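Source file structure_25.cif; content: mmCIF, C-alpha atoms.
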```
data_query
loop_
_atom_site.label_atom_id
_atom_site.label_comp_id
_atom_site.auth_asym_id
_atom_site.auth_seq_id
_atom_site.Cartn_x
_atom_site.Cartn_y
_atom_site.Cartn_z
CA MET A 604 5.90 0.57 -26.32
CA ALA A 605 3.47 3.43 -25.73
CA VAL A 606 2.67 4.20 -22.10
CA LYS A 607 -0.72 2.77 -21.17
CA THR A 608 -3.34 4.80 -19.35
CA VAL A 609 -5.54 2.89 -16.93
CA LEU A 610 -8.68 4.08 -15.15
CA VAL A 611 -8.90 2.67 -11.62
CA THR A 612 -12.30 2.95 -9.91
CA GLY A 613 -12.13 2.81 -6.12
CA GLY A 614 -8.41 3.52 -6.36
CA ALA A 615 -8.25 5.26 -2.96
CA GLY A 616 -9.42 2.09 -1.17
CA TYR A 617 -7.32 -0.64 0.44
CA ILE A 618 -6.60 -2.91 -2.53
CA GLY A 619 -7.06 -0.06 -5.02
CA SER A 620 -4.35 2.16 -3.51
CA HIS A 621 -1.79 -0.67 -3.43
CA THR A 622 -2.60 -1.56 -7.05
CA VAL A 623 -2.34 2.09 -8.15
CA LEU A 624 1.14 2.27 -6.59
CA GLN A 625 2.28 -0.92 -8.38
CA LEU A 626 0.87 0.45 -11.66
CA LEU A 627 2.80 3.71 -11.27
CA LEU A 628 6.01 1.85 -10.41
CA GLY A 629 5.37 -0.34 -13.47
CA GLY A 630 5.33 2.69 -15.77
CA TYR A 631 1.57 3.09 -16.28
CA LYS A 632 -0.36 6.35 -16.27
CA VAL A 633 -3.25 6.10 -13.81
CA VAL A 634 -6.49 8.01 -13.40
CA VAL A 635 -8.28 7.27 -10.12
CA VAL A 636 -11.99 7.86 -9.55
CA ASP A 637 -13.36 7.29 -6.04
CA ASN A 638 -16.32 8.73 -4.11
CA LEU A 639 -14.32 8.46 -0.83
CA ASP A 640 -17.33 6.81 0.79
CA ASN A 641 -15.12 4.23 2.52
CA SER A 642 -11.65 5.53 1.67
CA SER A 643 -9.45 8.57 2.10
CA GLU A 644 -7.76 11.00 -0.26
CA THR A 645 -4.75 10.74 2.06
CA ALA A 646 -4.13 7.29 0.54
CA ILE A 647 -3.68 8.93 -2.89
CA LYS A 648 -1.30 11.55 -1.43
CA ARG A 649 0.80 8.81 0.14
CA VAL A 650 0.81 6.73 -3.04
CA LYS A 651 2.24 9.80 -4.81
CA GLU A 652 4.98 10.09 -2.18
CA LEU A 653 5.86 6.40 -2.55
CA ALA A 654 5.79 6.59 -6.37
CA GLY A 655 8.79 8.96 -6.48
CA LYS A 656 9.39 10.31 -9.97
CA SER A 657 6.29 8.51 -11.30
CA LYS A 658 3.99 10.64 -9.15
CA SER A 659 3.22 12.96 -12.06
CA ASN A 660 1.52 9.99 -13.81
CA ILE A 661 -1.51 9.92 -11.49
CA SER A 662 -4.61 12.09 -11.45
CA PHE A 663 -7.56 11.83 -9.06
CA TYR A 664 -11.25 12.68 -9.48
CA LYS A 665 -13.68 12.55 -6.59
CA LEU A 666 -16.83 11.16 -8.17
CA ASP A 667 -19.48 8.49 -7.77
CA LEU A 668 -19.86 6.04 -10.66
CA ARG A 669 -23.61 6.64 -10.54
CA ASP A 670 -22.95 10.24 -11.62
CA ARG A 671 -22.95 9.53 -15.34
CA ALA A 672 -22.23 13.12 -16.41
CA ALA A 673 -19.12 13.33 -14.20
CA LEU A 674 -17.88 9.96 -15.43
CA GLU A 675 -18.50 10.96 -19.08
CA LYS A 676 -16.35 14.03 -18.51
CA VAL A 677 -13.42 11.89 -17.31
CA PHE A 678 -13.72 9.55 -20.32
CA SER A 679 -13.94 12.55 -22.67
CA SER A 680 -10.76 14.05 -21.24
CA LYS A 681 -8.52 10.98 -21.69
CA LYS A 682 -8.27 7.83 -23.75
CA PHE A 683 -8.09 4.75 -21.54
CA ASP A 684 -6.42 1.51 -22.57
CA ALA A 685 -8.20 -0.43 -19.81
CA VAL A 686 -10.23 -0.12 -16.62
CA ILE A 687 -9.59 -1.84 -13.27
CA HIS A 688 -12.89 -1.79 -11.39
CA PHE A 689 -12.62 -1.95 -7.59
CA ALA A 690 -15.30 0.56 -6.58
CA GLY A 691 -18.05 -0.94 -4.43
CA LEU A 692 -19.32 -1.36 -0.90
CA LYS A 693 -17.89 -4.49 0.70
CA ALA A 694 -19.10 -5.16 4.26
CA VAL A 695 -20.90 -8.51 4.31
CA GLY A 696 -22.84 -7.84 7.53
CA GLU A 697 -23.94 -4.38 6.43
CA SER A 698 -25.13 -5.79 3.09
CA VAL A 699 -27.50 -8.13 4.93
CA HIS A 700 -29.09 -5.17 6.75
CA LYS A 701 -28.98 -2.72 3.83
CA PRO A 702 -29.39 -4.80 0.66
CA LEU A 703 -30.83 -1.95 -1.43
CA VAL A 704 -27.88 0.30 -0.63
CA TYR A 705 -25.55 -2.45 -1.89
CA TYR A 706 -27.54 -3.22 -5.04
CA ASP A 707 -27.85 0.48 -5.85
CA ASN A 708 -24.18 1.32 -5.28
CA ASN A 709 -22.50 -1.82 -6.64
CA LEU A 710 -24.80 -2.73 -9.54
CA ILE A 711 -26.04 0.64 -10.80
CA GLY A 712 -22.53 2.13 -10.53
CA THR A 713 -21.07 -0.79 -12.49
CA ILE A 714 -23.72 -0.73 -15.22
CA ILE A 715 -23.17 3.00 -15.78
CA LEU A 716 -19.39 2.42 -15.87
CA PHE A 717 -19.77 -0.31 -18.51
CA GLU A 718 -22.12 1.84 -20.62
CA VAL A 719 -19.69 4.78 -20.54
CA MET A 720 -16.75 2.47 -21.35
CA ALA A 721 -18.63 1.08 -24.37
CA ALA A 722 -19.60 4.56 -25.58
CA HIS A 723 -15.93 5.59 -25.53
CA GLY A 724 -14.63 2.39 -27.14
CA CYS A 725 -12.79 1.21 -24.02
CA LYS A 726 -13.51 -2.53 -23.85
CA LYS A 727 -10.74 -3.94 -21.67
CA LEU A 728 -11.63 -4.62 -18.07
CA VAL A 729 -10.19 -6.21 -14.93
CA PHE A 730 -12.96 -6.70 -12.36
CA SER A 731 -12.43 -7.08 -8.64
CA SER A 732 -14.58 -10.08 -7.78
CA SER A 733 -14.38 -12.19 -4.65
CA ALA A 734 -14.16 -15.73 -3.33
CA THR A 735 -17.58 -15.05 -1.77
CA VAL A 736 -19.03 -16.17 -5.14
CA TYR A 737 -18.18 -19.74 -4.11
CA GLY A 738 -20.67 -19.51 -1.21
CA TRP A 739 -19.91 -22.42 1.16
CA PRO A 740 -17.74 -24.69 -0.98
CA LYS A 741 -18.34 -28.39 -0.41
CA GLU A 742 -14.67 -29.18 -1.00
CA VAL A 743 -11.32 -27.39 -1.15
CA PRO A 744 -9.29 -26.03 -2.81
CA CYS A 745 -11.77 -23.87 -4.75
CA THR A 746 -11.14 -24.05 -8.49
CA GLU A 747 -12.46 -21.49 -10.96
CA GLU A 748 -14.92 -24.12 -12.26
CA PHE A 749 -16.72 -24.55 -8.92
CA PRO A 750 -20.49 -23.94 -8.91
CA LEU A 751 -21.25 -20.36 -7.89
CA SER A 752 -23.62 -19.23 -5.18
CA ALA A 753 -23.54 -16.22 -2.90
CA ALA A 754 -24.62 -16.31 0.71
CA ASN A 755 -25.31 -12.57 1.19
CA PRO A 756 -26.24 -9.45 -0.81
CA TYR A 757 -22.61 -8.29 -1.05
CA GLY A 758 -21.60 -11.63 -2.58
CA ARG A 759 -24.63 -11.54 -4.86
CA THR A 760 -23.58 -8.14 -6.26
CA LYS A 761 -20.20 -9.66 -7.19
CA LEU A 762 -21.89 -12.69 -8.73
CA ILE A 763 -24.36 -10.57 -10.73
CA ILE A 764 -21.54 -8.34 -12.03
CA GLU A 765 -19.62 -11.45 -13.10
CA GLU A 766 -22.73 -12.61 -15.01
CA ILE A 767 -23.12 -9.15 -16.58
CA CYS A 768 -19.49 -9.36 -17.75
CA ARG A 769 -20.07 -12.79 -19.32
CA ASP A 770 -23.22 -11.51 -21.04
CA ILE A 771 -21.44 -8.42 -22.41
CA TYR A 772 -18.66 -10.58 -23.81
CA ASN A 773 -21.14 -13.04 -25.35
CA ALA A 774 -22.94 -10.13 -27.02
CA GLU A 775 -19.80 -8.31 -28.19
CA SER A 776 -16.70 -10.46 -28.53
CA GLU A 777 -14.33 -7.46 -28.85
CA TRP A 778 -14.59 -7.01 -25.07
CA LYS A 779 -11.69 -8.50 -23.11
CA ILE A 780 -12.56 -9.10 -19.46
CA ILE A 781 -10.71 -10.71 -16.56
CA LEU A 782 -12.57 -11.48 -13.35
CA LEU A 783 -10.27 -11.82 -10.34
CA ARG A 784 -11.67 -13.73 -7.37
CA TYR A 785 -9.69 -12.69 -4.30
CA PHE A 786 -9.44 -14.68 -1.16
CA ASN A 787 -8.57 -12.78 2.07
CA PRO A 788 -6.36 -9.73 1.46
CA VAL A 789 -4.23 -8.70 4.44
CA GLY A 790 -0.99 -6.86 5.16
CA ALA A 791 0.09 -3.45 3.91
CA HIS A 792 2.79 -1.82 1.83
CA PRO A 793 6.19 -2.53 3.49
CA SER A 794 6.73 1.23 3.95
CA GLY A 795 3.82 1.35 6.42
CA SER A 796 2.46 4.44 4.59
CA ILE A 797 -0.64 2.81 3.08
CA GLY A 798 -2.81 0.02 4.44
CA GLU A 799 -6.33 -0.98 5.36
CA ASP A 800 -8.40 1.68 7.12
CA PRO A 801 -11.86 0.25 7.83
CA ARG A 802 -14.48 2.67 9.11
CA GLY A 803 -16.12 1.71 12.38
CA ILE A 804 -15.95 -1.87 13.65
CA PRO A 805 -14.00 -4.02 11.17
CA ASN A 806 -15.64 -6.99 9.47
CA ASN A 807 -12.53 -9.00 8.77
CA LEU A 808 -10.10 -10.77 11.09
CA MET A 809 -6.86 -8.84 10.55
CA PRO A 810 -8.11 -5.24 10.86
CA PHE A 811 -9.84 -6.42 14.05
CA VAL A 812 -6.60 -7.97 15.39
CA GLN A 813 -4.79 -4.76 14.44
CA GLN A 814 -7.26 -2.58 16.37
CA VAL A 815 -6.87 -4.77 19.47
CA ALA A 816 -3.06 -4.56 19.17
CA VAL A 817 -3.08 -0.74 19.05
CA GLY A 818 -5.54 -0.52 21.95
CA ARG A 819 -8.62 0.65 20.05
CA LEU A 820 -10.59 -2.50 20.90
CA PRO A 821 -10.23 -4.54 24.11
CA THR A 822 -10.52 -8.11 22.80
CA LEU A 823 -10.79 -10.21 19.65
CA LYS A 824 -13.86 -12.40 19.29
CA VAL A 825 -13.10 -15.76 17.74
CA PHE A 826 -16.25 -17.08 16.07
CA GLY A 827 -16.45 -20.86 16.25
CA THR A 828 -13.95 -23.11 18.02
CA ASP A 829 -15.54 -26.48 17.18
CA TYR A 830 -14.84 -26.71 13.45
CA LYS A 831 -13.25 -29.91 12.14
CA THR A 832 -9.90 -28.18 11.68
CA ARG A 833 -6.42 -28.41 13.24
CA ASP A 834 -7.34 -26.18 16.18
CA GLY A 835 -11.12 -25.93 15.88
CA THR A 836 -11.11 -22.44 14.29
CA GLY A 837 -12.06 -21.57 10.69
CA ILE A 838 -9.44 -21.79 7.95
CA ARG A 839 -9.00 -19.18 5.24
CA ASP A 840 -6.58 -18.32 2.46
CA TYR A 841 -4.88 -15.04 3.39
CA ILE A 842 -3.00 -13.17 0.68
CA HIS A 843 -0.62 -10.23 0.99
CA VAL A 844 -2.15 -7.10 -0.54
CA VAL A 845 1.05 -6.38 -2.53
CA ASP A 846 0.86 -9.86 -4.08
CA LEU A 847 -2.77 -9.11 -4.91
CA ALA A 848 -1.83 -5.78 -6.50
CA ASP A 849 0.79 -7.55 -8.64
CA GLY A 850 -1.93 -10.01 -9.69
CA HIS A 851 -3.81 -7.07 -11.23
CA ILE A 852 -0.77 -6.03 -13.27
CA ALA A 853 -0.47 -9.64 -14.50
CA ALA A 854 -4.17 -9.57 -15.45
CA LEU A 855 -3.74 -6.25 -17.25
CA ASN A 856 -0.89 -7.72 -19.31
CA LYS A 857 -3.06 -10.74 -20.11
CA LEU A 858 -5.69 -8.46 -21.68
CA ASP A 859 -3.24 -8.01 -24.57
CA ASP A 860 -3.55 -11.73 -25.36
CA PRO A 861 -5.63 -11.96 -28.57
CA ASN A 862 -7.23 -15.18 -27.30
CA ILE A 863 -8.58 -13.74 -24.06
CA GLY A 864 -12.36 -13.42 -23.87
CA CYS A 865 -14.03 -13.30 -20.46
CA GLU A 866 -11.76 -15.25 -18.16
CA VAL A 867 -11.70 -15.85 -14.41
CA TYR A 868 -8.75 -16.37 -12.04
CA ASN A 869 -8.42 -17.03 -8.32
CA LEU A 870 -5.90 -14.90 -6.47
CA GLY A 871 -4.81 -16.57 -3.24
CA THR A 872 -1.83 -18.45 -1.84
CA GLY A 873 -3.38 -21.90 -2.14
CA LYS A 874 -2.72 -22.46 1.59
CA GLY A 875 -5.19 -22.44 4.43
CA THR A 876 -4.37 -20.72 7.74
CA SER A 877 -6.56 -20.97 10.84
CA VAL A 878 -7.75 -17.97 12.85
CA LEU A 879 -5.57 -18.95 15.82
CA GLU A 880 -2.50 -19.47 13.60
CA MET A 881 -2.99 -15.99 12.16
CA VAL A 882 -3.40 -14.45 15.62
CA LYS A 883 -0.22 -16.19 16.81
CA ALA A 884 1.76 -14.92 13.80
CA PHE A 885 0.50 -11.39 14.48
CA GLU A 886 1.43 -11.64 18.17
CA GLN A 887 4.96 -12.61 17.13
CA ALA A 888 5.22 -9.76 14.63
CA SER A 889 3.86 -7.13 17.01
CA GLU A 890 5.15 -8.52 20.31
CA LYS A 891 1.66 -7.79 21.67
CA LYS A 892 -0.69 -10.21 23.39
CA ILE A 893 -4.11 -10.33 21.70
CA PRO A 894 -6.78 -11.13 24.35
CA LEU A 895 -9.32 -13.56 22.87
CA VAL A 896 -12.98 -14.19 23.62
CA MET A 897 -14.20 -17.51 22.25
CA VAL A 898 -17.78 -17.33 20.99
CA GLY A 899 -20.12 -19.52 18.93
CA ARG A 900 -19.98 -19.90 15.18
CA ARG A 901 -21.18 -16.97 13.12
CA PRO A 902 -24.10 -17.82 10.84
CA GLY A 903 -22.95 -17.99 7.22
CA ASP A 904 -19.28 -18.70 7.96
CA ALA A 905 -17.74 -21.59 6.03
CA GLU A 906 -15.40 -24.01 7.79
CA ILE A 907 -12.47 -24.18 5.36
CA VAL A 908 -11.93 -22.06 2.25
CA TYR A 909 -8.72 -21.78 0.26
CA ALA A 910 -7.85 -21.26 -3.38
CA SER A 911 -6.62 -23.44 -6.16
CA THR A 912 -4.04 -21.11 -7.74
CA GLY A 913 -2.73 -23.24 -10.61
CA LYS A 914 -4.64 -21.42 -13.34
CA ALA A 915 -3.26 -17.98 -12.40
CA ALA A 916 0.26 -19.44 -12.15
CA LYS A 917 0.01 -21.03 -15.58
CA GLU A 918 -1.89 -18.39 -17.56
CA LEU A 919 -1.02 -15.11 -15.78
CA ASN A 920 2.48 -16.18 -14.79
CA TRP A 921 1.62 -14.93 -11.30
CA LYS A 922 2.15 -16.50 -7.91
CA ALA A 923 1.91 -15.13 -4.37
CA LYS A 924 5.38 -14.47 -2.95
CA TYR A 925 4.65 -13.62 0.69
CA GLY A 926 3.65 -15.80 3.63
CA ILE A 927 1.73 -15.02 6.83
CA ASP A 928 4.86 -13.80 8.66
CA GLU A 929 5.40 -11.04 6.09
CA MET A 930 1.66 -10.27 6.03
CA CYS A 931 1.63 -9.79 9.80
CA ARG A 932 4.94 -7.88 9.87
CA ASP A 933 3.70 -5.38 7.25
CA GLN A 934 0.24 -5.12 8.81
CA TRP A 935 1.77 -4.30 12.20
CA ASN A 936 4.19 -1.80 10.64
CA TRP A 937 1.21 0.04 9.13
CA ALA A 938 -0.91 -0.23 12.31
CA SER A 939 1.82 0.94 14.67
CA LYS A 940 2.58 3.96 12.47
CA ASN A 941 -1.12 4.72 11.79
CA PRO A 942 -3.13 3.48 14.80
CA TYR A 943 -6.17 5.41 13.57
CA GLY A 944 -5.67 4.66 9.90
CA TYR A 945 -5.57 7.78 7.74
CA GLY A 946 -7.50 9.81 10.31
CA SER A 947 -6.89 10.83 13.88
CA ALA A 948 -8.45 9.52 17.10
CA GLU A 949 -11.09 12.30 17.04
CA ASN A 950 -12.15 11.59 13.45
CA SER A 951 -12.27 7.89 14.13
CA SER A 952 -14.80 8.21 16.94
CA LYS A 953 -16.98 10.47 14.75
CA LYS A 954 -17.10 7.83 12.01
CA ARG A 955 -18.60 5.16 14.23
#
```
If you convert what's in this file into structure tokens, what do you get?
Amino acid sequence: MAVKTVLVTGGAGYIGSHTVLQLLLGGYKVVVVDNLDNSSETAIKRVKELAGKSKSNISFYKLDLRDRAALEKVFSSKKFDAVIHFAGLKAVGESVHKPLVYYDNNLIGTIILFEVMAAHGCKKLVFSSSATVYGWPKEVPCTEEFPLSAANPYGRTKLIIEEICRDIYNAESEWKIILLRYFNPVGAHPSGSIGEDPRGIPNNLMPFVQQVAVGRLPTLKVFGTDYKTRDGTGIRDYIHVVDLADGHIAALNKLDDPNIGCEVYNLGTGKGTSVLEMVKAFEQASEKKIPLVMVGRRPGDAEIVYASTGKAAKELNWKAKYGIDEMCRDQWNWASKNPYGYGSAENSSKKR
């Protein structure tokens, strides 16, 4: 079988870099484009180191998807079998304060990408969507058929892009598109060389826990302790980032199915874990005490969200392999080796 060449947008980011590594190890050729707005070229260097003899199969271009001429150049230089589209801003809180920045970056960048793909006859796409498109689900687990609604501008950009994908497919049935709705990605590559490196104050639980554990932040705020859950804290579906990366390979393989049109799959474990359960697992993995400050609920937070994963298991032949102990072990391995992410302490304070 001929070696496939895949374009990965946002491939220097957290989920992108782990997926690029799995692609290289799986024998793919990979071209990464990333504007490095919220990522680091160091991630690409480390992916190359981890890829061993496959490292010659990756090339990197620093560019913004809104720069049509630069993107055209990349598409003119290589023929792509498919695109995995991660690139986008992703901080929920920031999106509420800067909606236009999010609509401009996430929507305009995506529309230009799709136009350039179409012009070059590349019509196979895996899109990085999110469980945020379920809004506040009235029941769990969330199935792919649930009604969609987004509670913030970030979630709305994901929802709008999903709708754009459905419209493109309805207009031109030769497109093959898979929308992957992720739940809560955590953990890192077991080597500890690549992981999540959020700029400034993290938005999500685990990077926050990690920064407390390495001494960058004094305490962890727990939002909401009066939910109707086992211990009063919110419940989420956490998924190991390597499992998530493997889910993208499974989706890429599925694009070869002649019957695929525009299809959507949840990627999660199908299990809910509370905030306090996750903190406890991390304390065990790191042998560090995480000081907690209990505060009121955060507006917009749902009580319990976890995935129904049967469709991905049946149709993609994919299932999450790792539990929260492995997620926390690998997250701590990355954090303890890279307390300031890909940067140093000096750079980190400048970024805030």
| request: Up to 6 Å from (0.1, -15.7, -4.7) in the file's coordinates: name the residues, counting only C-alpha atoms, as a ChimeraX atom specification. | output: /A:846,871-872,922-924
| request: Could you give me, as JSON, numbers by chain, the residues that have an atom at most 10 Å away from the point (-27.7, -16.9, 8.1) in the coordinates of the file, using all atoms listed in the file? | output: {"A": [699, 754, 755, 901, 902, 903, 904]}
| Of the candidates A:Glu890, A:Pro793, A:Phe826, A:Thr836, which one gets nearest to A:Met930 if we count only C-alpha atoms? |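 Using only C-alpha atoms, A:Met930 sits closest to A:Pro793.
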| task | Determine the residue set returned by the PyMOL selection byres ((chain A and resi 787) around 7) for the present structure, and present it as an MDAnalysis selection string. | result | chainID A and resid 785:786 788:789 840:842
| message | Starting from the PyMOL selection byres ((chain A and resi 758) around 12), expand the selection into actual residues of this file and give them as a ChimeraX atom specification. | response | /A:691-699,702,705-706,709-710,731-739,751-757,759-765,784,903
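Nearest to A:His843 of all the residues A:Thr622, A:Ser657, A:Gln813, A:Ser662 is A:Thr622, counting only C-alpha atoms.
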| task | Counting all atoms listed in the file, figure out which residue out of A:Asp637, A:Glu886, A:Glu644, A:Glu718 gets nearest to A:Glu675. | result |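 Smallest separation from A:Glu675 among the options: A:Glu718.
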| field | Picked residues, the PyMOL selection byres ((chain A and resi 809) around 12), expected as JSON, numbers by chain | value | {"A": [787, 788, 789, 790, 791, 798, 799, 800, 801, 804, 805, 806, 807, 808, 810, 811, 812, 813, 814, 815, 816, 823, 824, 825, 839, 841, 842, 843, 878, 879, 880, 881, 882, 883, 884, 885, 886, 893, 927, 930, 931, 932, 933, 934, 935, 938]}
| said: So the first atom is atom CA of A:Leu653 and the second is atom CA of A:Ser680; what is the distance between them in Å, to one decimal place? | reply: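 Those two atoms sit 26.2 Å apart.
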